[in-house]
Structure formats: structure tokens, C-alpha cells
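J.: For reference, this is coords_18.txt, and it has compact mmCIF, C-alpha atoms and all ligand atoms.
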# COMPACT_ATOMS: atom_id res chain seq x y z
CA MET N 4 0.00 0.00 0.00
CA ARG N 5 1.13 3.55 -0.52
CA GLN N 6 -0.20 6.86 0.64
CA VAL N 7 -0.58 9.90 -1.52
CA SER N 8 -0.50 12.97 0.65
CA ARG N 9 -1.21 16.40 -0.72
CA ARG N 10 0.16 18.29 2.27
CA SER N 11 1.33 21.08 -0.01
CA PHE N 12 -2.31 21.50 -1.01
CA LEU N 13 -3.18 21.92 2.65
CA THR N 14 -0.76 24.76 3.04
CA PHE N 15 -1.79 26.25 -0.25
CA CYS N 16 -5.47 25.90 0.44
CA GLY N 17 -5.32 26.97 4.05
CA LEU N 18 -7.54 24.04 4.93
CA SER N 19 -7.49 22.01 8.07
CA THR N 20 -8.27 18.32 7.91
CA VAL N 21 -9.51 18.40 11.50
CA GLY N 22 -13.12 17.34 11.42
CA LEU N 23 -13.01 16.89 7.66
CA SER N 24 -13.48 13.18 7.41
CA LEU N 25 -14.72 12.10 4.03
CA ASP N 26 -16.17 8.64 3.82
CA PRO N 27 -17.42 7.25 0.47
CA PHE N 28 -20.73 6.49 2.11
CA ASP N 29 -21.11 9.67 4.09
CA LEU N 30 -20.27 12.67 1.98
CA THR N 31 -21.49 15.31 4.38
CA GLY N 32 -17.97 16.78 4.51
CA LEU N 33 -17.84 17.06 0.75
CA SER N 34 -19.06 20.63 0.50
CA ARG N 35 -16.27 21.85 2.72
CA ALA N 36 -13.71 19.86 0.81
CA LEU N 37 -14.82 21.11 -2.56
CA ALA N 38 -15.77 24.68 -1.70
CA ASN N 39 -12.19 25.85 -1.56
CA PRO N 40 -11.59 28.70 -4.01
CA ALA N 41 -7.82 28.24 -3.87
CA ALA N 42 -7.85 24.51 -4.57
CA PRO N 43 -5.95 23.19 -7.59
CA THR N 44 -7.46 23.36 -11.03
CA VAL N 45 -8.77 20.14 -12.57
CA LEU N 46 -7.79 19.43 -16.16
CA TRP N 47 -9.74 16.48 -17.62
CA LEU N 48 -8.55 14.91 -20.89
CA GLN N 49 -9.84 11.94 -22.88
CA GLY N 50 -7.85 9.41 -24.87
CA SER N 51 -8.87 6.01 -26.13
CA GLY N 52 -12.19 5.24 -24.46
CA CYS N 53 -15.95 5.41 -24.86
CA THR N 54 -16.73 8.50 -22.71
CA GLY N 55 -18.67 6.19 -20.40
CA CYS N 56 -16.75 7.47 -17.36
CA THR N 57 -17.91 11.01 -18.09
CA MET N 58 -21.47 9.73 -18.57
CA SER N 59 -21.25 8.01 -15.19
CA PHE N 60 -19.87 11.18 -13.58
CA LEU N 61 -22.83 13.13 -14.96
CA ASP N 62 -25.14 10.70 -13.11
CA TYR N 63 -23.76 11.85 -9.76
CA ILE N 64 -26.57 12.62 -7.36
CA SER N 65 -26.57 13.27 -3.63
CA PRO N 66 -29.10 14.35 -1.00
CA THR N 67 -26.53 16.83 0.35
CA ALA N 68 -24.60 19.49 -1.52
CA PRO N 69 -23.17 19.19 -4.05
CA THR N 70 -26.39 17.62 -5.22
CA ASP N 71 -25.47 16.66 -8.77
CA ALA N 72 -22.70 16.81 -11.35
CA ALA N 73 -23.64 20.31 -12.50
CA ASP N 74 -23.43 21.52 -8.89
CA VAL N 75 -19.98 19.92 -8.52
CA LEU N 76 -18.72 21.46 -11.75
CA ILE N 77 -20.23 24.91 -11.43
CA ASN N 78 -19.93 25.57 -7.72
CA TYR N 79 -17.13 23.44 -6.33
CA ILE N 80 -14.43 22.38 -8.79
CA ASN N 81 -12.28 24.78 -10.75
CA LEU N 82 -12.53 22.74 -13.95
CA ALA N 83 -10.17 24.23 -16.50
CA TYR N 84 -11.27 22.05 -19.37
CA HIS N 85 -13.28 18.94 -20.19
CA PRO N 86 -13.63 17.78 -23.84
CA ASN N 87 -17.40 17.18 -23.60
CA LEU N 88 -18.46 19.67 -20.97
CA SER N 89 -16.45 22.82 -21.69
CA PRO N 90 -17.99 25.34 -24.10
CA VAL N 91 -14.70 25.93 -25.91
CA ALA N 92 -12.97 24.33 -28.86
CA GLY N 93 -9.97 24.68 -31.14
CA GLU N 94 -7.11 26.99 -30.27
CA SER N 95 -9.00 28.43 -27.27
CA VAL N 96 -8.56 25.02 -25.66
CA VAL N 97 -4.84 25.04 -26.37
CA ALA N 98 -4.59 28.49 -24.78
CA ILE N 99 -6.39 27.28 -21.63
CA ILE N 100 -4.22 24.17 -21.33
CA SER N 101 -1.10 26.20 -21.89
CA GLN N 102 -2.16 28.55 -19.06
CA VAL N 103 -2.87 25.63 -16.70
CA ARG N 104 0.45 24.02 -17.62
CA GLN N 105 2.36 27.19 -16.79
CA ALA N 106 0.50 27.82 -13.53
CA GLY N 107 1.47 24.29 -12.45
CA ASN N 108 -0.90 23.57 -9.58
CA PHE N 109 -3.35 21.26 -11.35
CA ILE N 110 -4.80 17.78 -11.09
CA LEU N 111 -4.56 15.91 -14.37
CA ALA N 112 -7.61 13.67 -14.74
CA VAL N 113 -7.19 11.22 -17.62
CA GLU N 114 -10.09 9.23 -19.05
CA GLY N 115 -9.24 6.54 -21.62
CA GLY N 116 -6.03 4.72 -22.48
CA ILE N 117 -3.06 6.12 -24.39
CA PRO N 118 -2.52 4.83 -27.94
CA THR N 119 1.19 4.54 -28.72
CA GLY N 120 0.95 2.70 -32.07
CA PHE N 121 1.48 4.63 -35.34
CA ASN N 122 3.70 7.05 -33.37
CA GLY N 123 0.64 7.99 -31.32
CA GLY N 124 -1.22 8.86 -34.53
CA ALA N 125 -4.36 6.92 -33.56
CA CYS N 126 -5.39 9.74 -31.23
CA TYR N 127 -4.70 13.46 -31.54
CA ALA N 128 -5.26 15.76 -28.58
CA TRP N 129 -5.23 19.07 -30.43
CA SER N 130 -3.41 21.08 -33.03
CA TYR N 131 -1.85 24.48 -32.71
CA ASP N 132 -0.30 26.64 -35.39
CA GLY N 133 -0.69 23.78 -37.84
CA VAL N 134 1.16 21.30 -35.61
CA GLU N 135 -0.74 18.17 -34.56
CA VAL N 136 -0.15 16.99 -30.98
CA THR N 137 -0.87 13.34 -30.23
CA PHE N 138 -2.56 12.31 -27.01
CA GLU N 139 0.61 10.41 -26.14
CA GLU N 140 2.69 13.58 -26.48
CA ALA N 141 0.16 15.59 -24.45
CA ILE N 142 0.20 13.13 -21.54
CA ARG N 143 3.99 12.76 -21.61
CA ASP N 144 4.23 16.54 -21.32
CA LEU N 145 1.49 17.22 -18.74
CA ALA N 146 1.75 14.25 -16.35
CA PRO N 147 5.16 15.17 -14.87
CA ARG N 148 3.97 18.75 -14.27
CA ALA N 149 0.71 17.84 -12.52
CA ALA N 150 0.32 17.94 -8.73
CA ALA N 151 -1.47 14.59 -9.02
CA VAL N 152 -2.47 12.30 -11.87
CA LEU N 153 -5.90 10.79 -11.54
CA CYS N 154 -6.92 7.93 -13.81
CA ILE N 155 -10.65 8.07 -14.34
CA GLY N 156 -11.67 4.52 -15.20
CA THR N 157 -9.97 1.22 -15.96
CA CYS N 158 -8.74 2.24 -19.46
CA ALA N 159 -6.56 5.09 -18.15
CA ALA N 160 -5.57 3.09 -15.07
CA TYR N 161 -4.63 -0.23 -16.70
CA GLY N 162 -5.48 -0.17 -20.43
CA GLY N 163 -8.92 -1.71 -20.14
CA ILE N 164 -10.97 -2.64 -23.20
CA PRO N 165 -8.96 -0.53 -25.71
CA ALA N 166 -5.81 -2.46 -24.69
CA ALA N 167 -7.43 -5.87 -25.09
CA PRO N 168 -5.76 -8.16 -27.66
CA PRO N 169 -4.89 -7.64 -30.43
CA ASN N 170 -4.57 -3.98 -29.36
CA PRO N 171 -3.62 -2.67 -32.82
CA THR N 172 -3.18 0.92 -31.61
CA GLY N 173 -0.81 -0.05 -28.79
CA VAL N 174 -2.95 1.35 -25.97
CA VAL N 175 -1.22 1.53 -22.58
CA SER N 176 -2.11 2.99 -19.20
CA VAL N 177 -0.94 6.42 -18.03
CA GLN N 178 1.49 4.87 -15.57
CA THR N 179 2.92 2.49 -18.17
CA LEU N 180 3.48 5.44 -20.50
CA THR N 181 4.90 7.96 -18.05
CA GLY N 182 6.33 5.83 -15.26
CA ARG N 183 4.56 8.13 -12.81
CA PRO N 184 2.39 6.44 -10.14
CA THR N 185 -1.26 7.34 -10.64
CA ILE N 186 -4.33 7.37 -8.43
CA ASN N 187 -6.65 4.89 -10.09
CA VAL N 188 -10.41 5.30 -9.85
CA ALA N 189 -10.96 1.95 -11.52
CA GLY N 190 -14.21 0.79 -13.06
CA CYS N 191 -15.83 0.44 -16.46
CA PRO N 192 -17.20 2.91 -15.72
CA PRO N 193 -16.37 3.96 -12.15
CA HIS N 194 -19.27 4.81 -9.86
CA PRO N 195 -19.87 8.60 -9.87
CA THR N 196 -19.35 8.78 -6.12
CA TRP N 197 -15.94 7.09 -6.45
CA MET N 198 -14.83 9.87 -8.82
CA VAL N 199 -16.27 12.77 -6.82
CA TRP N 200 -14.96 11.37 -3.54
CA THR N 201 -11.41 10.94 -4.86
CA ILE N 202 -11.31 14.41 -6.44
CA ALA N 203 -12.64 15.88 -3.18
CA GLN N 204 -9.91 14.13 -1.19
CA LEU N 205 -7.24 15.64 -3.42
CA LEU N 206 -8.72 19.12 -3.36
CA ALA N 207 -8.97 18.98 0.41
CA GLY N 208 -5.40 17.79 0.80
CA GLN N 209 -6.48 14.55 2.42
CA ALA N 210 -4.14 11.56 2.26
CA ILE N 211 -5.46 8.70 0.15
CA THR N 212 -4.32 5.21 0.99
CA LEU N 213 -3.87 3.18 -2.18
CA ASP N 214 -3.60 -0.55 -2.76
CA SER N 215 -0.84 -2.13 -4.86
CA SER N 216 -2.84 -1.36 -8.02
CA GLY N 217 -3.14 2.35 -7.16
CA ARG N 218 -6.80 2.20 -6.09
CA PRO N 219 -8.11 3.99 -2.97
CA THR N 220 -8.60 1.32 -0.32
CA ALA N 221 -11.59 3.24 1.11
CA ILE N 222 -13.46 2.15 -2.03
CA TYR N 223 -11.59 -0.91 -3.29
CA GLY N 224 -10.40 -2.38 0.00
CA ARG N 225 -12.61 -5.47 -0.08
CA SER N 226 -13.77 -7.90 -2.72
CA VAL N 227 -17.25 -7.76 -4.22
CA HIS N 228 -17.78 -11.33 -3.05
CA ASP N 229 -16.89 -10.39 0.52
CA ARG N 230 -20.09 -8.37 0.97
CA CYS N 231 -22.30 -9.99 -1.65
CA PRO N 232 -25.75 -10.86 -0.25
CA LEU N 233 -25.66 -14.11 -2.29
CA LYS N 234 -22.48 -15.31 -0.62
CA GLU N 235 -24.00 -18.17 1.33
CA THR N 236 -26.46 -19.28 -1.34
CA ASP N 237 -26.17 -22.30 -3.65
CA GLU N 238 -24.58 -21.74 -7.05
CA ILE N 239 -26.73 -21.97 -10.14
CA ASN N 240 -25.67 -22.81 -13.68
CA THR N 241 -28.44 -21.06 -15.55
CA PHE N 242 -29.50 -17.43 -15.71
CA GLY N 243 -32.84 -16.17 -14.48
CA VAL N 244 -32.95 -17.80 -11.05
CA PRO N 245 -33.17 -14.97 -8.51
CA GLY N 246 -31.31 -15.06 -5.21
CA ARG N 247 -28.67 -17.66 -6.10
CA CYS N 248 -24.88 -17.33 -6.40
CA LEU N 249 -23.63 -16.68 -9.95
CA LYS N 250 -20.14 -18.14 -9.58
CA GLU N 251 -20.79 -21.07 -11.92
CA LEU N 252 -21.89 -18.52 -14.50
CA GLY N 253 -18.51 -16.78 -14.40
CA CYS N 254 -18.96 -14.26 -11.61
CA ARG N 255 -15.63 -12.57 -10.86
CA GLY N 256 -16.79 -11.12 -7.55
CA PRO N 257 -14.29 -13.19 -5.54
CA GLU N 258 -11.24 -11.62 -7.25
CA THR N 259 -12.72 -8.15 -7.91
CA ARG N 260 -12.34 -5.30 -5.45
CA ALA N 261 -15.08 -2.65 -5.14
CA ASN N 262 -17.82 -1.57 -2.75
CA CYS N 263 -20.67 -2.20 -5.23
CA PRO N 264 -22.72 -4.47 -2.90
CA ILE N 265 -23.19 -1.65 -0.42
CA GLN N 266 -22.81 1.46 -2.61
CA LYS N 267 -25.01 0.17 -5.43
CA TRP N 268 -25.66 2.13 -8.61
CA ASN N 269 -28.26 4.55 -9.98
CA ASN N 270 -28.57 6.37 -6.68
CA GLY N 271 -28.66 3.12 -4.71
CA VAL N 272 -31.34 1.45 -6.83
CA ASN N 273 -29.51 -1.71 -7.92
CA TRP N 274 -26.19 -3.22 -9.01
CA CYS N 275 -24.88 -5.88 -11.41
CA ILE N 276 -25.49 -8.95 -9.25
CA GLY N 277 -28.74 -7.52 -7.90
CA ALA N 278 -29.93 -7.33 -11.50
CA GLY N 279 -29.00 -11.00 -12.13
CA ALA N 280 -25.72 -10.39 -14.00
CA PRO N 281 -22.38 -11.76 -12.77
CA CYS N 282 -19.71 -9.28 -11.73
CA HIS N 283 -17.39 -9.07 -14.75
CA GLY N 284 -14.45 -7.65 -12.83
CA CYS N 285 -14.53 -4.12 -14.23
CA THR N 286 -12.28 -2.62 -11.53
CA SER N 287 -9.50 -5.19 -11.98
CA PRO N 288 -6.14 -4.45 -13.65
CA THR N 289 -6.71 -7.48 -15.89
CA PHE N 290 -10.17 -6.38 -17.11
CA PRO N 291 -11.64 -7.33 -19.59
CA GLY N 292 -9.49 -10.48 -19.68
CA THR N 293 -8.03 -12.57 -16.94
CA ASN N 294 -4.41 -12.42 -18.10
CA ALA N 295 -2.01 -9.53 -17.69
CA LEU N 296 -1.59 -7.48 -20.85
CA ASN N 297 0.37 -4.28 -20.37
CA ARG N 298 -0.90 -4.12 -16.81
CA GLN N 299 0.59 -3.28 -13.48
CA PRO N 300 0.54 -6.11 -10.98
CA ALA N 301 -2.87 -6.85 -9.43
S1 LIG N 401 -22.73 -13.98 -7.00
FE1 LIG N 401 -20.52 -13.62 -7.28
S2 LIG N 401 -19.94 -12.13 -5.69
FE2 LIG N 401 -21.97 -12.99 -5.14
S3 LIG N 401 -21.52 -14.73 -3.78
FE3 LIG N 401 -21.63 -15.57 -5.84
S4 LIG N 401 -19.49 -15.50 -6.62
FE4 LIG N 401 -19.60 -14.17 -4.81
S1 LIG N 402 -20.30 -5.53 -9.58
FE1 LIG N 402 -18.37 -5.96 -10.63
S2 LIG N 402 -18.74 -5.52 -12.82
FE2 LIG N 402 -20.43 -4.60 -11.61
S3 LIG N 402 -19.74 -2.46 -11.32
FE3 LIG N 402 -19.10 -3.64 -9.50
S4 LIG N 402 -16.99 -4.29 -9.95
FE4 LIG N 402 -17.90 -3.63 -11.89
Transcribe the structure of this file into C-alpha cells.

T.:
Amino acid sequence: MRQVSRRSFLTFCGLSTVGLSLDPFDLTGLSRALANPAAPTVLWLQGSGCTGCTMSFLDYISPTAPTDAADVLINYINLAYHPNLSPVAGESVVAIISQVRQAGNFILAVEGGIPTGFNGGACYAWSYDGVEVTFEEAIRDLAPRAAAVLCIGTCAAYGGIPAAPPNPTGVVSVQTLTGRPTINVAGCPPHPTWMVWTIAQLLAGQAITLDSSGRPTAIYGRSVHDRCPLKETDEINTFGVPGRCLKELGCRGPETRANCPIQKWNNGVNWCIGAGAPCHGCTSPTFPGTNALNRQPA
């Protein structure tokens, strides 16, 4: 396990962590954590992915402030740029990113893997003055300058589906590309609360304890199977039988780490196994397969 401490943020932000205890299931301290005008800027970029992580983020909903994704973005986070959500395009984007890069105190949030095949030519980040910049070049340049690098989703964290064989575009994770340890909010997609909680921790200068795959242990500390309500039930070998363990049908809950059984999805309505589908291991470094590809150790 390793701990990522943003003590410099604390000094910079003038925040005290006393009494600011953020738990993924009790986000009452979130407003205080996020309502810091001097907190670092968030720069969100997308590489090789499906934008599903952003879609999941937009589903964020909470009974306490911030109440939804718009509230987070408008009132709490200083979001410099997001490819889908920012009302800018073209060279204005390059100007914003250049400003953020020079200012230095920013969190780089990366969604999607990094294509390295074709000299990075499978994915261009932007162009400026007639020069095309690949996503690979952009991440190589920005990651070392960021105060923290946050991988939003399994593709950025470990390669995910875009890196599955035969991987013709040579997709790798941010850490594989840059060598810099990343904070991995794994999931395909991650739960919206996992993303908001982790960003809030960083903005508040809270230490985040990570497991050996870079995931916050507060969220990924236990296996899905560990807290599955079907744990003691008999296994079935056909779909459509409610209330029975899905292990024989390929459930990967035993080797997958996430708090899905208690967090649930869609504002606590249901989750994969509750809906009769096996856990397919979406938070694992080996997802979607079971063998290591370009992954970090599990
Ligand atoms: S359904 Fe999956 S997670 Fe639940 S008890 Fe069976 S193997 Fe474990
Ligand atoms: S139950 Fe498994 S597949 Fe479903 S969201 Fe959780 S970790 Fe991912």
C-alpha cells in the first residue's frame, strides 16, 4: 500500500483536515472539501475510451450538496477544461491548457487509455499553429507537471478494453506510459461517487491510501464477493434464477475489489449482481481479460 499525501495543497489551500473526514458512504464533509476557491485546477482529458466514465460522472446525485454533477462542476471544482463539458474548442482550448500548464498547480484527470501505435497517430489531442499533438505527447508533457495524476476509469488506469488483444493501436495505461504512479479510480465505468470522492480528497489535501494497483482502499479495499448478499447461497448454472450465487456462471466477484454491494448504482437502486448479472471484474487491472496485458501487478 502507498499513501498519496497532498500536504502542499493543505498549506496552499489553508484548509485544516480536523473534522473533515470524508467517507465514500457519508459525503457530508464534501461541501467543505470542494468549496475551496484556492484549490488546484482540474484538467480532464480523454484518450482512447468510450466517454462512459464522463457519462457516469454526470449521473452523480446526492441528498446533500453538491447535489449533482452540475453543482460539482459549477460551484465546487475549478474545472479548467473537459472535452465534452467545456464550451470551448480549437485553439481556445490550447490556450487554456497552456495557461494551466504554466501555472502548475493542477490535477490531471485522464479518461481513456493512451494509444502509442502509429507514433501515437491513432489519437490526436489538439493542433496548434498547424502542428498536430498526439494524445501520447500531451500526456507525456502534462503528467510530470501535474500535482497529481488521476486515472478516471480502468482504461486510463490499466489499459482496459482498448488495450485488449490484439490492441492494434498499442494502448497503454498512463502509468505504463509515463512511469509516474497514478491514483486509479478503476471501473468500467467507475461509480460517480468514487470519482467525486477521490477528487474531493485531493482538493482537500487529504491523504489517500492506495492498494498495490493504485486504487483507494476506502473504495476498493474489499472484494465484491466479501459483501455480496448471495455469498452463502447455492450456485446456479443457468440465468434467471433470482437469489442464487452466480459463480458457476462466471462471476468474478471473488477476485474483484469494489464496494458495489453496499454502494449500489443509480442512486442506490440496484447493481450488477442484484440485476441478475455476474460481476465481470470491471475494476480489476486485468479487465476485460483474466491475463495480464500491459498491466501493473494486481
Ligand atoms: S454472486 Fe458472485 S460475488 Fe456474489 S456470492 Fe456468488 S461469486 Fe460471490
Ligand atoms: S459488480 Fe463488478 S462488474 Fe459490476 S460495477 Fe461492480 S466491480 Fe464492476

J.: Tell me which protein, DNA and RNA residues are within 8 Å of Leu46 in chain N, counting only C-alpha atoms, leaving out same-chain ones fewer than 2 positions away, and put them as number ranges by chain.

T.: N: 44, 48, 82-85, 100, 103, 109-112

J.: Hey, which residues sit close to ligand LIG 402 (chain N)? Say within 8 Å, counting all atoms listed in the file, and write them as a list in words.

T.: Gly190, Cys191, Pro192, Pro193, His194, Val227, Arg255, Gly256, Thr259, Arg260, Ala261, Asn262, Cys263, Pro264, Trp268, Trp274, Cys275, Ile276, Pro281, Cys282, His283, Gly284, Cys285, Thr286 and Ser287 of chain N

J.: May I have the protein, DNA and RNA residues with any atom at most 12 Å from the point (-3.9, 4.5, -17.6), counting all atoms listed in the file, written as a PyMOL selection string?

T.: chain N and resi 48-52+111-118+139+142+146+152-166+174-190+216-217+288+297-299

J.: Residues within 10 Å of ligand LIG 401 (chain N), counting all atoms listed in the file: report them as an mmCIF file with C-alpha atoms, keeping the file's coordinate frame.

T.:
data_model
loop_
_atom_site.group_PDB
_atom_site.id
_atom_site.type_symbol
_atom_site.label_atom_id
_atom_site.label_comp_id
_atom_site.auth_asym_id
_atom_site.auth_seq_id
_atom_site.Cartn_x
_atom_site.Cartn_y
_atom_site.Cartn_z
ATOM 1 C CA SER N 226 -13.770 -7.900 -2.720
ATOM 2 C CA VAL N 227 -17.250 -7.760 -4.220
ATOM 3 C CA HIS N 228 -17.780 -11.330 -3.050
ATOM 4 C CA ASP N 229 -16.890 -10.390 0.520
ATOM 5 C CA ARG N 230 -20.090 -8.370 0.970
ATOM 6 C CA CYS N 231 -22.300 -9.990 -1.650
ATOM 7 C CA PRO N 232 -25.750 -10.860 -0.250
ATOM 8 C CA LEU N 233 -25.660 -14.110 -2.290
ATOM 9 C CA LYS N 234 -22.480 -15.310 -0.620
ATOM 10 C CA GLU N 235 -24.000 -18.170 1.330
ATOM 11 C CA THR N 236 -26.460 -19.280 -1.340
ATOM 12 C CA ASP N 237 -26.170 -22.300 -3.650
ATOM 13 C CA GLU N 238 -24.580 -21.740 -7.050
ATOM 14 C CA ILE N 239 -26.730 -21.970 -10.140
ATOM 15 C CA GLY N 246 -31.310 -15.060 -5.210
ATOM 16 C CA ARG N 247 -28.670 -17.660 -6.100
ATOM 17 C CA CYS N 248 -24.880 -17.330 -6.400
ATOM 18 C CA LEU N 249 -23.630 -16.680 -9.950
ATOM 19 C CA LYS N 250 -20.140 -18.140 -9.580
ATOM 20 C CA GLU N 251 -20.790 -21.070 -11.920
ATOM 21 C CA LEU N 252 -21.890 -18.520 -14.500
ATOM 22 C CA GLY N 253 -18.510 -16.780 -14.400
ATOM 23 C CA CYS N 254 -18.960 -14.260 -11.610
ATOM 24 C CA ARG N 255 -15.630 -12.570 -10.860
ATOM 25 C CA GLY N 256 -16.790 -11.120 -7.550
ATOM 26 C CA PRO N 257 -14.290 -13.190 -5.540
ATOM 27 C CA GLU N 258 -11.240 -11.620 -7.250
ATOM 28 C CA THR N 259 -12.720 -8.150 -7.910
ATOM 29 C CA CYS N 263 -20.670 -2.200 -5.230
ATOM 30 C CA PRO N 264 -22.720 -4.470 -2.900
ATOM 31 C CA CYS N 275 -24.880 -5.880 -11.410
ATOM 32 C CA ILE N 276 -25.490 -8.950 -9.250
ATOM 33 C CA GLY N 277 -28.740 -7.520 -7.900
ATOM 34 C CA GLY N 279 -29.000 -11.000 -12.130
ATOM 35 C CA ALA N 280 -25.720 -10.390 -14.000
ATOM 36 C CA PRO N 281 -22.380 -11.760 -12.770
ATOM 37 C CA CYS N 282 -19.710 -9.280 -11.730
ATOM 38 C CA HIS N 283 -17.390 -9.070 -14.750
#

J.: I'd like to know which of N:Glu94, N:Asp74, N:Ser215, N:Ala278 is closest to Asp62 in chain N, using only C-alpha atoms.

T.: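 Of N:Glu94, N:Asp74, N:Ser215, N:Ala278, the one nearest Asp62 in chain N, counting only C-alpha atoms, is N:Asp74.
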
J.: Which one of N:Thr220, N:Thr119, N:Gln204, N:Thr196 sits closest to Asn170 in chain N if you count only C-alpha atoms?

T.: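 Among the listed residues, the smallest separation from Asn170 in chain N belongs to N:Thr119.
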
J.: Rounded to one decimal place, report the CA of Gly123 in chain N-CA of Val136 in chain N distance in Å.

T.: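 Those two atoms sit 9.0 Å apart.
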
J.: Which residue is closest to Asn269 in chain N? Choose from N:Gly93, N:Gly107, N:Gly133, N:Pro195 and count all atoms listed in the file.

T.: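 Once distances to Asn269 in chain N are computed over all atoms listed in the file, the minimum belongs to N:Pro195.
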
J.: Could you tell me how far CA of Val75 in chain N lies from CA of Asn87 in chain N, in Å and to one decimal?

T.: 15.5 Å

J.: Work out how far CA of Gln266 in chain N is from CA of Trp197 in chain N, in Å to one decimal.

T.: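 According to the coordinates, CA of Trp197 in chain N and CA of Gln266 in chain N are separated by 9.7 Å.
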
J.: Rank nothing, just name the residue among N:Met198, N:Asn273, N:Thr289, N:Pro168 nearest to Met58 in chain N, using all atoms listed in the file.

T.: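 Counting all atoms listed in the file, the residue closest to Met58 in chain N is N:Met198.
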
J.: Compare N:Thr137, N:Thr293, N:Thr70, N:Asn81 by their minimum atom-to-atom distance to Ile202 in chain N, counting only C-alpha atoms, and give me the closest one.

T.: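 Comparing N:Thr137, N:Thr293, N:Thr70, N:Asn81 against Ile202 in chain N, the winner is N:Asn81.
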
J.: With N, CA and C atoms as the target, complete range 39-58 of chain N and hand it back as a tab-separated table (two decimals), keeping the file's coordinate frame.

T.:
chain	number	residue	atom	x	y	z
N	39	ASN	N	-13.42	25.13	-1.85
N	39	ASN	CA	-12.19	25.85	-1.56
N	39	ASN	C	-11.75	26.61	-2.81
N	40	PRO	N	-11.88	27.93	-2.79
N	40	PRO	CA	-11.59	28.70	-4.01
N	40	PRO	C	-10.13	28.62	-4.44
N	41	ALA	N	-9.24	28.28	-3.52
N	41	ALA	CA	-7.82	28.24	-3.87
N	41	ALA	C	-7.34	26.84	-4.22
N	42	ALA	N	-8.25	25.89	-4.28
N	42	ALA	CA	-7.85	24.51	-4.57
N	42	ALA	C	-7.30	24.40	-5.99
N	43	PRO	N	-6.54	23.34	-6.25
N	43	PRO	CA	-5.95	23.19	-7.59
N	43	PRO	C	-7.02	23.09	-8.68
N	44	THR	N	-6.62	23.49	-9.85
N	44	THR	CA	-7.46	23.36	-11.03
N	44	THR	C	-7.52	21.90	-11.45
N	45	VAL	N	-8.66	21.50	-12.03
N	45	VAL	CA	-8.77	20.14	-12.57
N	45	VAL	C	-8.77	20.23	-14.10
N	46	LEU	N	-7.86	19.50	-14.70
N	46	LEU	CA	-7.79	19.43	-16.16
N	46	LEU	C	-8.12	18.00	-16.58
N	47	TRP	N	-9.24	17.82	-17.28
N	47	TRP	CA	-9.74	16.48	-17.62
N	47	TRP	C	-9.52	16.26	-19.11
N	48	LEU	N	-8.80	15.22	-19.47
N	48	LEU	CA	-8.55	14.91	-20.89
N	48	LEU	C	-9.02	13.50	-21.20
N	49	GLN	N	-9.35	13.27	-22.47
N	49	GLN	CA	-9.84	11.94	-22.88
N	49	GLN	C	-8.97	11.37	-23.99
N	50	GLY	N	-8.60	10.11	-23.83
N	50	GLY	CA	-7.85	9.41	-24.87
N	50	GLY	C	-8.70	8.34	-25.51
N	51	SER	N	-8.19	7.10	-25.47
N	51	SER	CA	-8.87	6.01	-26.13
N	51	SER	C	-9.88	5.38	-25.17
N	52	GLY	N	-11.13	5.74	-25.34
N	52	GLY	CA	-12.19	5.24	-24.46
N	52	GLY	C	-13.54	5.48	-25.09
N	53	CYS	N	-14.59	5.32	-24.32
N	53	CYS	CA	-15.95	5.41	-24.86
N	53	CYS	C	-16.73	6.58	-24.28
N	54	THR	N	-16.10	7.37	-23.40
N	54	THR	CA	-16.73	8.50	-22.71
N	54	THR	C	-17.73	8.03	-21.65
N	55	GLY	N	-17.74	6.72	-21.40
N	55	GLY	CA	-18.67	6.19	-20.40
N	55	GLY	C	-18.38	6.70	-18.99
N	56	CYS	N	-17.09	6.97	-18.71
N	56	CYS	CA	-16.75	7.47	-17.36
N	56	CYS	C	-17.36	8.86	-17.15
N	57	THR	N	-17.29	9.69	-18.19
N	57	THR	CA	-17.91	11.01	-18.09
N	57	THR	C	-19.42	10.86	-17.93
N	58	MET	N	-20.02	9.94	-18.69
N	58	MET	CA	-21.47	9.73	-18.57
N	58	MET	C	-21.83	9.31	-17.14
